[in-house]
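Before any comments, here is the structure.
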Amino acid sequence: MAFEDLLTSNGDWFLKPGPSCEVVISSRVRFARNLEGNKFPHHSNAMEQRQIVDEVQKAVLTLPQAMNLKFIRLNEISSLDRQFLTEHQLISAEHAASLGERAVAFDEKDGLSFLVNEEDHLRLQVFRAGLNLKEAFQYLNQIDQALSAQLHYAKDPQLGYLTACPTNLGNAMRASVMLHLPALVYSNRAAQVLQGVTQVGLTVRGLQGETTQISSAFFQISNQSSLGKKGAEIVEHVDRVARQIIEVELQTQKAVFQQEGLKLQDRICRALGTLKNARIISLQEALDGLSALRVGVEQKILKGIDLPNLNHLLILIKPAHLVKIAARELNPEQDAMERARILGMYLKNAEAA
Amino acid sequence: MLCQKCHQRQATVFFSQTVGNQTTQSHLCEVCAREETKAYGGMNPFNFNPFAAFSDFLNNFMAWDDGAIAEVNSGRTKPTSVDSQLQCPHCGYQLSFFRQNGRLGCTKCYESFKTVLDPLVSSIHGNVRHIEEGEKVGKFESVVPTPGVDSGNSAEERRSQKPEIKALREKITQAIQNEQYEEAARLRDEIKKLGNS
């Protein structure tokens with residue numbers, strides 16, 4: 001199984017500029033569901049896991065979206081392909097790495113995927129570009145309701161949807177927003193702002209999931225608990241907090257550009273020079289450079305490149321994507337060379353405005 | 001094992017604490033563990049790392065797990081060794097596995113380990129219950145009288161149009177906006193009286 005088509009058709013959801021796209025990369029809503037009376041995936045044997053995969057597959061195929069869904073059993077594809085799907089955010093790293101019978105159904109254009117036998121029997125998730133949790137939530141809710149007619153979800157009147165980990169009980173929902181906060185990081189205010197976020201019941205993570213340090217200007221915020229609140233309320237809450245962060249970031253951007261405009265322009269233009277002309281470049285350096293280019297586009301310091309393309313590059317420069325593009329195995333040095341080549345190609349029309 | 005601090009009560013909590021780069025670990029009873037936690041206030045305010053929040057949460061959660069189990073023990077005088085050997089009759093999963101990895105064995109485990117899980121769930125999520133998406137949970141519903149809804153007769157509706165009732169109703173709205181719920185309730189009773197006169 002190969003997924004080369006995903007390289008060129010990076011989902012519509014991702015290539016359209018979404019609301020508040022100058023700060024927000026994407027919004028995601030995820031529900032966790034389990035089938036009544038069954039063992040959770042980590043405690044099941046292969047046969048039990050396969051039954052769950054079959055049952056979910058049958059149900060998913062009755063959805064109106066079924067026409068466009070690819071259904072893939074993860075143990076039938078290579079670990080490279082699993083990593084590729086992870087980089088594409090269609091499955092999680094845990095899902096890719098775990099053993100046993102697990103599957104995914106996805107429609108990449110729609111930003112929609114169904115993870116079968118990850119931590120829970122079923123996790124359904126949808127992505128939208130920019131800050132668009134509300135639409136994502138409504139859409140996922142519709143799909144979930146249609147599925148609930150086919151699948152007997154485990155549910156308790158007090159605890160809500162029963163999940164493998166009690167932290168996910170309730171409506172078993174995560175609403176998350178991926179933010180790009182370069183000015184807050186630059187002015188050393190990110191930790192302070194994000195601490196505030198954790199005090200209002202939200203969790204903060206880095207770009208690669210549960211990172212333990214500030215490794216770039218990309219952050220993901222999401223709700224911590226989903227018991228005792230309606231999904232719509234959680235979405236509202238995360239959305240409101242995201243809007244506040246966006247405002248602080250944009251104000252800070254304005255302030256730092258007023259104070260140190262030339263210095264920042266210099267940084268951005270140098271980043272463009274590096275990304276356009278490097279012959280060997282690490283993932284970290286590329287991410288930092290792309291972060292600077294985003295600011296350059298927002299502040300109209302650069303032209304010849306737009307935010308959706310920069311979003312696309314964030315994914316294309318990851319290892320499994322580079323292997324797919326090069327269509328051959330890459331050792332670490334070749335990986336860094338291929339990354340530099342792709343960046344040079346995509347940025348060839350970008351220049352200082 | 002006896003508590004390493006008071007040497008009197010059974011140790012039920014494994015307490016690990018890092019100050020600077022020194023980590024001390026001890027087996028404590030629930031009472032001493034609570035005191036220790038209070039003394040250090042949980043988080044070091046001078047060294048905040050936003051990413052620590054999630055792992056802290058999980059650590060607290062596992063610590064609470066011990067606390068929750070201690071509570072169950074103290075209430076039911078069931079020793080820990082037996083308690084952590086609790087098994088789900090439906091899937092054979094042991095409570096001790098849950099304490100290691102934070103995951104349950106099957107959907108029925110929530111019933112099987114109810115006595116341990118209920119306090120744990122409250123400590124993670126707060127003392128709340130699941131709310132359905134379509135459920136009405138307005139807290140003012142009982143305070144604001146809705147004319148015509150309870151009785152539906154036209155006489156009631158006519159009475160509710162009295163100017164003094166209209167004025168009171170506006171006052172109620174004002175009181176609710178100011179979060180003066182007692183005042184709102186008093187005004188509601190006044191409207192009722194007028195309505196019946």
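Each chain of the structure tokens is named A, B, ... in the order shown, its residues numbered from 1; ligands are numbered from 1 in display order.
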Which residues of chain B are close to chain A, meaning at most 6 Å apart when you count only C-alpha atoms, and how do they look as a PyMOL selection string? chain B and resi 50-51+103-107+128-131+133
So which residues of stretch 62-151 of chain A fall under alpha helix (DSSP H) by DSSP, listed as an mmCIF file with C-alpha atoms, in the first residue's frame?
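That gives us out30.cif:
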```cif
data_model
loop_
_atom_site.group_PDB
_atom_site.id
_atom_site.type_symbol
_atom_site.label_atom_id
_atom_site.label_comp_id
_atom_site.auth_asym_id
_atom_site.auth_seq_id
_atom_site.Cartn_x
_atom_site.Cartn_y
_atom_site.Cartn_z
ATOM 1 C CA SER A 79 6.165 1.048 9.313
ATOM 2 C CA LEU A 80 7.200 3.790 6.888
ATOM 3 C CA ASP A 81 3.601 4.107 5.713
ATOM 4 C CA ARG A 82 2.411 4.191 9.310
ATOM 5 C CA GLN A 83 4.864 6.959 10.071
ATOM 6 C CA PHE A 84 3.714 8.754 6.941
ATOM 7 C CA LEU A 85 0.093 8.634 8.096
ATOM 8 C CA THR A 86 1.203 9.857 11.525
ATOM 9 C CA GLU A 87 3.014 12.836 10.020
ATOM 10 C CA ALA A 93 2.094 8.045 16.971
ATOM 11 C CA GLU A 94 0.735 5.631 19.581
ATOM 12 C CA HIS A 95 -1.582 4.094 17.028
ATOM 13 C CA ALA A 96 1.279 3.679 14.559
ATOM 14 C CA ALA A 97 3.615 2.115 17.110
ATOM 15 C CA LEU A 133 -13.669 24.290 16.296
ATOM 16 C CA LYS A 134 -17.388 24.943 16.064
ATOM 17 C CA GLU A 135 -17.752 23.637 12.540
ATOM 18 C CA ALA A 136 -15.481 20.695 13.314
ATOM 19 C CA PHE A 137 -17.566 19.843 16.370
ATOM 20 C CA GLN A 138 -20.907 20.017 14.583
ATOM 21 C CA TYR A 139 -19.624 17.890 11.738
ATOM 22 C CA LEU A 140 -18.136 15.254 14.028
ATOM 23 C CA ASN A 141 -21.303 15.213 16.115
ATOM 24 C CA GLN A 142 -23.379 14.357 13.043
ATOM 25 C CA ILE A 143 -21.063 11.511 12.139
ATOM 26 C CA ASP A 144 -21.038 10.255 15.719
ATOM 27 C CA GLN A 145 -24.824 10.225 15.867
ATOM 28 C CA ALA A 146 -25.034 8.265 12.649
ATOM 29 C CA LEU A 147 -22.487 5.766 14.007
ATOM 30 C CA SER A 148 -24.295 5.410 17.333
#
```
Write out as a PDB file with C-alpha atoms, in the first residue's frame each polymer residue whose atoms come within 9 Å of A:Gln253, counting only C-alpha atoms; drop sequence neighbours fewer than 6 positions from it.
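Heads up, here's the output in selection_35.pdb:
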```pdb
ATOM      1  CA  PRO A 182       6.408  33.596  17.474  1.00  0.00           C
ATOM      2  CA  ALA A 183       6.155  37.042  19.092  1.00  0.00           C
ATOM      3  CA  LEU A 184       5.299  35.602  22.502  1.00  0.00           C
ATOM      4  CA  VAL A 295       5.728  36.068  10.397  1.00  0.00           C
TER       5      VAL A 295
END
```
Enter the distance from atom CA of A:Glu118 to atom CA of B:Val121, in Å, rounded to one decimal.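 Atom CA of B:Val121 lies 22.0 Å from atom CA of A:Glu118.
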Mind listing the strand (DSSP E) residues of stretch 58-285 of chain A, per DSSP on the backbone, as a VMD selection string? chain A and resid 70 to 73 103 to 107 112 to 116 122 to 129 155 to 156 160 to 161 173 to 180 202 to 206 218 to 223
